[in-house]
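A.B. asks: I have a structure here, written as structure tokens, and I will follow up with some questions on it.
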Amino acid sequence: MTLRVGVIGTGNIGADHVRRIAAGIAGAVVSAVTDVDTARAEEVGRSVGATVCADGRALIAAAEVDAVIIASPSKTHAALTLACISAGKPVLCEKPLAPTTKECIEVLDAEVALGRRLVQVGFMRRYDSGYRAVKAALTDGLIGQPLILHNVHRNPTVPASFSSDMTITDAIIHEIDTTRWLLGEEIVSAQVIPPAPTPLAHPHLQDPQFVVFRTERGLLSTVECFVNCQYGYDVRCELVGSTGTASLVNPVVAAVTLEGADRAAVPADWRVRFGAAYHAELQDWVNGLLNGVVRGPNAWDGYAATRVAQAGVESATSGERVALDSIPKPALYA
């Protein structure tokens, strides 16, 4: 059996998904694409022999589409995911599941009413070998009890359209999910503490940002997010345990030693750093669907991440620590 995948949104990440499925994901083909930029959709669709649909809803309804990837702007995610649930079609929705917790709850309610999981959220860092090694060190008892998680997330530059809120909702949301996943518990408070700003950011942008999350058992997770660091794409974390630590650093693919120094390249962007993780995520999604299951990050994970991100935005505005409340977790996601 071959899974026929429709991709909504053929911008940066959507086009990457199309190319990746066409070039190397076993058991799947791209059968349809769509984008508000029709010319771009036609170009991407033509490159893989896919049908170009008029819009997202037409793609979801198409007979030649078995499963859907949503890679369109965040504001469209909830409505398109709900349409997939209504159509009974599995969907991999890029983060965030939705910009607001209200919309996320609508997705949860629809999936719970259906009685089975169709939704996976694109938190691809769970598929990165470095993050998995850190989690394994904790799960295997190598570092004792977890105490503190330190996270670093740096981009070389961002466009003028990037806002201070987006640092939390579009970038730090990855650290929100990895904190929950690595530590195995929910985040109960968030506080944003603005450092001195870099002179190289756009005037409207607070950069860097520093956030402290506290979990249910009182563990702390810190995040330094610096989206104009200039030198490359740099993601790291260190999990401090009671008897040791486990660390993730940028992988060194090739290095040069000369003149008394070791020199290694820093990834240029997210494509370079997390390309293998995106591939593993897509292959696992396809493998699961071919066996009748959705097994990656679920709609509850999407709700929980958006909920924490919204608290972070509130804290950035007020300067205060924000405590989080939550709806009861449905049994479907237990």
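Residue numbering restarts at 1 for every chain of the structure tokens, chains are lettered A, B, ... in their displayed order, and ligands are numbered from 1 as they appear.
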Within 9 Å of Thr178 of chain A, counting only C-alpha atoms, which residues show up once you throw out same-chain ones fewer than 5 positions away? Write them as a list in words, please.
C.D. replies: Phe123, Arg125, Arg126, Tyr131, Ile173 and Leu183 of chain A
A.B. asks: Mind writing the picked residues with N, CA and C atoms as an mmCIF file, in the first residue's frame?
C.D. replies:
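Okay, this is what ended up in result_38.cif:
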data_model
loop_
_atom_site.group_PDB
_atom_site.id
_atom_site.type_symbol
_atom_site.label_atom_id
_atom_site.label_comp_id
_atom_site.auth_asym_id
_atom_site.auth_seq_id
_atom_site.Cartn_x
_atom_site.Cartn_y
_atom_site.Cartn_z
ATOM 1 N N PHE A 123 6.055 18.602 16.115
ATOM 2 C CA PHE A 123 7.170 18.864 17.030
ATOM 3 C C PHE A 123 8.296 17.888 16.694
ATOM 4 N N ARG A 125 11.470 17.919 16.953
ATOM 5 C CA ARG A 125 12.667 17.724 17.788
ATOM 6 C C ARG A 125 12.610 16.414 18.577
ATOM 7 N N ARG A 126 11.417 15.891 18.795
ATOM 8 C CA ARG A 126 11.305 14.597 19.468
ATOM 9 C C ARG A 126 11.957 13.479 18.645
ATOM 10 N N TYR A 131 18.359 14.926 21.009
ATOM 11 C CA TYR A 131 17.333 15.023 22.042
ATOM 12 C C TYR A 131 16.957 13.636 22.566
ATOM 13 N N ILE A 173 8.291 27.841 21.413
ATOM 14 C CA ILE A 173 7.290 26.768 21.496
ATOM 15 C C ILE A 173 7.946 25.400 21.330
ATOM 16 N N LEU A 183 10.973 15.879 30.328
ATOM 17 C CA LEU A 183 10.744 15.736 31.768
ATOM 18 C C LEU A 183 9.503 14.920 32.100
#
A.B. asks: Give me, as a list of chain:residue names, all polymer residues having an atom no more than 10 Å from segment 13-19 of chain A, counting only C-alpha atoms and skipping those fewer than 6 positions away in the same chain.
C.D. replies: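 My reading of the contact set: A:Val5, A:Gly6, A:Val7, A:Ile25, A:Val29, A:Val30, A:Ser31, A:Ala32, A:Val33, A:Thr34, A:Asp35, A:Arg40, A:Ala41, A:Val44, A:Gly45, A:Ser47, A:Val48, A:Ala50, A:Ile69, A:Ile70, A:Ala71, A:Ser72, A:Glu94, A:Arg271, A:Gly275, A:Tyr278, A:His279, A:Leu282.
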A.B. asks: Need to verify the contact set: Leu219 of chain A, 6 Å, only C-alpha atoms, exclusion of same-chain residues closer than 2 positions in sequence. Can you return it as a PDB file with all heavy atoms, in the first residue's frame?
C.D. replies:
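For reference, result-v8.pdb as written:
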ATOM      1  N   LEU A 147      16.660  17.754  37.635  1.00  0.00           N
ATOM      2  CA  LEU A 147      16.541  18.943  38.475  1.00  0.00           C
ATOM      3  C   LEU A 147      16.297  20.208  37.646  1.00  0.00           C
ATOM      4  O   LEU A 147      15.352  20.949  37.894  1.00  0.00           O
ATOM      5  CB  LEU A 147      17.818  19.113  39.315  1.00  0.00           C
ATOM      6  CG  LEU A 147      18.184  17.951  40.244  1.00  0.00           C
ATOM      7  CD1 LEU A 147      19.545  18.200  40.873  1.00  0.00           C
ATOM      8  CD2 LEU A 147      17.111  17.739  41.305  1.00  0.00           C
ATOM      9  N   ILE A 148      17.166  20.439  36.670  1.00  0.00           N
ATOM     10  CA  ILE A 148      17.098  21.664  35.868  1.00  0.00           C
ATOM     11  C   ILE A 148      17.380  21.319  34.411  1.00  0.00           C
ATOM     12  O   ILE A 148      18.277  20.521  34.109  1.00  0.00           O
ATOM     13  CB  ILE A 148      18.125  22.718  36.336  1.00  0.00           C
ATOM     14  CG1 ILE A 148      17.922  23.078  37.805  1.00  0.00           C
ATOM     15  CG2 ILE A 148      18.026  23.986  35.486  1.00  0.00           C
ATOM     16  CD1 ILE A 148      19.044  23.952  38.365  1.00  0.00           C
ATOM     17  N   ARG A 214       8.396  26.448  35.153  1.00  0.00           N
ATOM     18  CA  ARG A 214       8.393  25.543  36.303  1.00  0.00           C
ATOM     19  C   ARG A 214       7.379  24.433  36.031  1.00  0.00           C
ATOM     20  O   ARG A 214       6.279  24.704  35.552  1.00  0.00           O
ATOM     21  CB  ARG A 214       8.037  26.276  37.596  1.00  0.00           C
ATOM     22  CG  ARG A 214       8.101  25.388  38.851  1.00  0.00           C
ATOM     23  CD  ARG A 214       7.772  26.175  40.114  1.00  0.00           C
ATOM     24  NE  ARG A 214       8.792  27.162  40.417  1.00  0.00           N
ATOM     25  CZ  ARG A 214       9.900  26.923  41.114  1.00  0.00           C
ATOM     26  NH1 ARG A 214      10.130  25.703  41.580  1.00  0.00           N
ATOM     27  NH2 ARG A 214      10.767  27.877  41.357  1.00  0.00           N
ATOM     28  N   THR A 215       7.769  23.193  36.324  1.00  0.00           N
ATOM     29  CA  THR A 215       6.895  22.056  36.068  1.00  0.00           C
ATOM     30  C   THR A 215       6.131  21.646  37.323  1.00  0.00           C
ATOM     31  O   THR A 215       6.341  22.212  38.406  1.00  0.00           O
ATOM     32  CB  THR A 215       7.696  20.852  35.547  1.00  0.00           C
ATOM     33  OG1 THR A 215       8.490  20.322  36.626  1.00  0.00           O
ATOM     34  CG2 THR A 215       8.603  21.239  34.395  1.00  0.00           C
ATOM     35  N   ARG A 217       6.389  19.188  39.344  1.00  0.00           N
ATOM     36  CA  ARG A 217       7.183  18.752  40.503  1.00  0.00           C
ATOM     37  C   ARG A 217       8.216  19.794  40.926  1.00  0.00           C
ATOM     38  O   ARG A 217       9.091  19.505  41.743  1.00  0.00           O
ATOM     39  CB  ARG A 217       7.884  17.428  40.182  1.00  0.00           C
ATOM     40  CG  ARG A 217       6.942  16.244  40.116  1.00  0.00           C
ATOM     41  CD  ARG A 217       7.715  14.928  40.051  1.00  0.00           C
ATOM     42  NE  ARG A 217       8.486  14.809  38.819  1.00  0.00           N
ATOM     43  CZ  ARG A 217       9.712  14.299  38.734  1.00  0.00           C
ATOM     44  NH1 ARG A 217      10.340  13.878  39.819  1.00  0.00           N
ATOM     45  NH2 ARG A 217      10.322  14.198  37.568  1.00  0.00           N
TER      46      ARG A 217
END
A.B. asks: Find the spatial neighbours of Gly88 of chain A, counting only C-alpha atoms, within a cut-off of 10 Å - ignore same-chain residues fewer than 5 positions away - and output them as a PyMOL selection string.
C.D. replies: chain A and resi 60-61+66-67+82-83+111+114+116-118
A.B. asks: Where does DSSP see strand (DSSP E) in segment 166-227 of chain A, if you list the residues as a ChimeraX atom specification?
C.D. replies: /A:187-192,209-215,220-226
A.B. asks: Which is closest to Ile172 of chain A among A:Ala113, A:Val119, A:Leu205, A:Ala309, if we use only C-alpha atoms?
C.D. replies: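 Looking at the shortest contact to Ile172 of chain A, the residue is A:Ala309.
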A.B. asks: Give the answer as one residue: which of A:Val112, A:Leu239, A:Ile187, A:Val91 has the shortest atom-to-atom distance to Arg307 of chain A, using only C-alpha atoms?
C.D. replies: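 With only C-alpha atoms as the atom set, the closest residue is A:Ile187.
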A.B. asks: Counting only C-alpha atoms, figure out which residue out of A:Val272, A:Met124, A:Leu248, A:Ala190 gets nearest to Asp325 of chain A.
C.D. replies: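 Between A:Val272, A:Met124, A:Leu248, A:Ala190, the residue approaching Asp325 of chain A most closely is A:Ala190.
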A.B. asks: For Pro203 of chain A, please output as a ChimeraX atom specification all residues within 12 Å (counting only C-alpha atoms; exclusion window: fewer than 2 positions along the same chain).
C.D. replies: /A:159-164,197-201,205-207
A.B. asks: I need the chosen residues saved as a tab-separated table (two decimals), in the first residue's frame, with all heavy atoms.
C.D. replies:
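Written out: again.tsv:
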chain	number	residue	atom	x	y	z
A	159	PRO	N	13.40	38.26	9.82
A	159	PRO	CA	12.94	39.40	9.04
A	159	PRO	C	12.27	40.46	9.92
A	159	PRO	O	11.95	40.21	11.08
A	159	PRO	CB	11.93	38.78	8.06
A	159	PRO	CG	11.45	37.55	8.76
A	159	PRO	CD	12.63	37.03	9.53
A	160	ALA	N	12.04	41.63	9.34
A	160	ALA	CA	11.43	42.74	10.08
A	160	ALA	C	10.02	42.40	10.54
A	160	ALA	O	9.52	42.98	11.51
A	160	ALA	CB	11.41	44.00	9.22
A	161	SER	N	9.36	41.46	9.88
A	161	SER	CA	8.00	41.08	10.25
A	161	SER	C	7.95	40.24	11.52
A	161	SER	O	6.88	40.01	12.09
A	161	SER	CB	7.35	40.29	9.10
A	161	SER	OG	8.13	39.13	8.80
A	162	PHE	N	9.10	39.77	12.00
A	162	PHE	CA	9.16	38.93	13.19
A	162	PHE	C	8.97	39.80	14.43
A	162	PHE	O	9.66	40.80	14.62
A	162	PHE	CB	10.51	38.21	13.25
A	162	PHE	CG	10.56	37.03	14.18
A	162	PHE	CD1	10.26	35.76	13.74
A	162	PHE	CD2	10.93	37.19	15.51
A	162	PHE	CE1	10.31	34.66	14.59
A	162	PHE	CE2	10.99	36.11	16.37
A	162	PHE	CZ	10.68	34.84	15.90
A	163	SER	N	8.04	39.40	15.32
A	163	SER	CA	7.72	40.20	16.51
A	163	SER	C	8.27	39.55	17.77
A	163	SER	O	8.64	38.37	17.78
A	163	SER	CB	6.21	40.36	16.64
A	163	SER	OG	5.61	39.12	16.96
A	164	SER	N	8.26	40.30	18.87
A	164	SER	CA	8.70	39.76	20.16
A	164	SER	C	7.81	38.60	20.60
A	164	SER	O	8.30	37.62	21.16
A	164	SER	CB	8.69	40.86	21.22
A	164	SER	OG	9.63	41.87	20.90
A	197	PRO	N	18.99	44.22	25.19
A	197	PRO	CA	18.78	43.85	23.79
A	197	PRO	C	20.05	44.00	22.94
A	197	PRO	O	20.90	44.85	23.21
A	197	PRO	CB	17.71	44.83	23.34
A	197	PRO	CG	17.91	46.03	24.21
A	197	PRO	CD	18.36	45.50	25.54
A	198	THR	N	20.16	43.15	21.94
A	198	THR	CA	21.24	43.28	20.99
A	198	THR	C	21.03	44.52	20.13
A	198	THR	O	19.89	44.83	19.75
A	198	THR	CB	21.33	42.04	20.08
A	198	THR	OG1	22.30	42.29	19.05
A	198	THR	CG2	20.00	41.74	19.40
A	199	PRO	N	22.09	45.23	19.75
A	199	PRO	CA	21.92	46.40	18.87
A	199	PRO	C	21.65	45.99	17.42
A	199	PRO	O	21.35	46.86	16.59
A	199	PRO	CB	23.29	47.11	18.99
A	199	PRO	CG	24.25	46.03	19.32
A	199	PRO	CD	23.48	45.07	20.21
A	200	LEU	N	21.71	44.69	17.12
A	200	LEU	CA	21.57	44.23	15.74
A	200	LEU	C	20.16	43.76	15.40
A	200	LEU	O	19.90	43.33	14.28
A	200	LEU	CB	22.57	43.10	15.47
A	200	LEU	CG	24.04	43.48	15.67
A	200	LEU	CD1	24.95	42.29	15.42
A	200	LEU	CD2	24.43	44.65	14.77
A	201	ALA	N	19.23	43.85	16.37
A	201	ALA	CA	17.84	43.46	16.12
A	201	ALA	C	17.07	44.67	15.59
A	201	ALA	O	17.46	45.82	15.77
A	201	ALA	CB	17.20	42.95	17.39
A	205	LEU	N	11.90	44.81	18.22
A	205	LEU	CA	12.05	43.43	18.69
A	205	LEU	C	12.89	43.35	19.96
A	205	LEU	O	14.02	43.84	20.00
A	205	LEU	CB	12.71	42.59	17.59
A	205	LEU	CG	12.91	41.10	17.88
A	205	LEU	CD1	11.58	40.40	18.08
A	205	LEU	CD2	13.69	40.45	16.74
A	206	GLN	N	12.32	42.73	21.03
A	206	GLN	CA	13.10	42.40	22.22
A	206	GLN	C	13.88	41.13	21.93
A	206	GLN	O	13.32	40.06	21.77
A	206	GLN	CB	12.19	42.19	23.42
A	206	GLN	CG	12.89	41.59	24.65
A	206	GLN	CD	14.05	42.42	25.16
A	206	GLN	OE1	13.92	43.62	25.37
A	206	GLN	NE2	15.21	41.79	25.34
A	207	ASP	N	15.20	41.26	21.84
A	207	ASP	CA	16.04	40.11	21.49
A	207	ASP	C	17.41	40.30	22.16
A	207	ASP	O	18.02	41.34	21.98
A	207	ASP	CB	16.21	40.04	19.97
A	207	ASP	CG	16.92	38.78	19.52
A	207	ASP	OD1	16.62	37.71	20.07
A	207	ASP	OD2	17.76	38.88	18.60
A.B. asks: Can you pull out the residues contacting Ala305 of chain A? Cut-off 9 Å, using only C-alpha atoms, and skip same-chain residues under 6 positions away; I want them as a PyMOL selection string.
C.D. replies: chain A and resi 96-97+169+173-174+176-177+180
A.B. asks: Can I get the selection written as a compact mmCIF listing (two decimals), in the first residue's frame, with N, CA, C and O atoms?
C.D. replies:
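Contents of part11.txt, freshly written:
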# COMPACT_ATOMS: atom_id res chain seq x y z
N PRO A 96 2.17 25.89 15.40
CA PRO A 96 1.37 25.39 16.51
C PRO A 96 0.11 24.70 16.00
O PRO A 96 -0.29 24.92 14.85
N LEU A 97 -0.50 23.88 16.84
CA LEU A 97 -1.78 23.29 16.48
C LEU A 97 -2.77 24.41 16.17
O LEU A 97 -3.57 24.31 15.23
N THR A 169 5.91 32.30 20.51
CA THR A 169 4.90 31.45 19.86
C THR A 169 5.46 30.65 18.69
O THR A 169 4.92 29.58 18.36
N ILE A 173 8.29 27.84 21.41
CA ILE A 173 7.29 26.77 21.50
C ILE A 173 7.95 25.40 21.33
O ILE A 173 7.48 24.41 21.88
N HIS A 174 9.07 25.33 20.60
CA HIS A 174 9.80 24.06 20.50
C HIS A 174 10.36 23.66 21.87
O HIS A 174 10.30 22.48 22.26
N ILE A 176 9.19 24.58 24.71
CA ILE A 176 8.05 24.22 25.55
C ILE A 176 7.72 22.74 25.37
O ILE A 176 7.56 22.00 26.34
N ASP A 177 7.66 22.30 24.12
CA ASP A 177 7.34 20.89 23.89
C ASP A 177 8.46 19.97 24.36
O ASP A 177 8.17 18.94 24.99
N ARG A 180 8.32 19.51 28.16
CA ARG A 180 7.26 18.59 28.58
C ARG A 180 7.63 17.15 28.26
O ARG A 180 7.40 16.24 29.06
A.B. asks: Fewer than 6 positions away in the same chain doesn't count, so skip those; otherwise give me all residues within 10 Å of Ala136 of chain A, counting only C-alpha atoms, as a PyMOL selection string.
C.D. replies: chain A and resi 130+142+182+246
A.B. asks: If you keep C-alpha atoms, can you produce a file of those selected residues as a compact mmCIF listing (two decimals), in the first residue's frame?
C.D. replies:
# COMPACT_ATOMS: atom_id res chain seq x y z
CA GLY A 130 20.54 14.31 20.15
CA LEU A 142 22.21 7.47 34.12
CA LEU A 182 11.95 15.26 28.20
CA ALA A 246 23.17 14.92 29.74
A.B. asks: As a ChimeraX atom specification, please: every residue in segment 20-156 of chain A that DSSP puts in alpha helix (DSSP H).
C.D. replies: /A:20-24,38-48,56-61,77-87,101-114,129-139
A.B. asks: Just to confirm, what's the straight-line distance from atom CA of Pro195 of chain A to atom CA of Val227 of chain A in Å (one decimal)?
C.D. replies: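 It comes out at 13.1 Å.
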A.B. asks: Report the distance between atom CA of Gln283 of chain A and atom CA of Ala23 of chain A in Å, rounded to one decimal place.
C.D. replies: 11.8 Å
A.B. asks: State, in Å with one decimal place, the distance from atom CA of Asp284 of chain A to atom CA of Val134 of chain A.
C.D. replies: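 If I compute the distance from atom CA of Asp284 of chain A to atom CA of Val134 of chain A, I get 20.0 Å.
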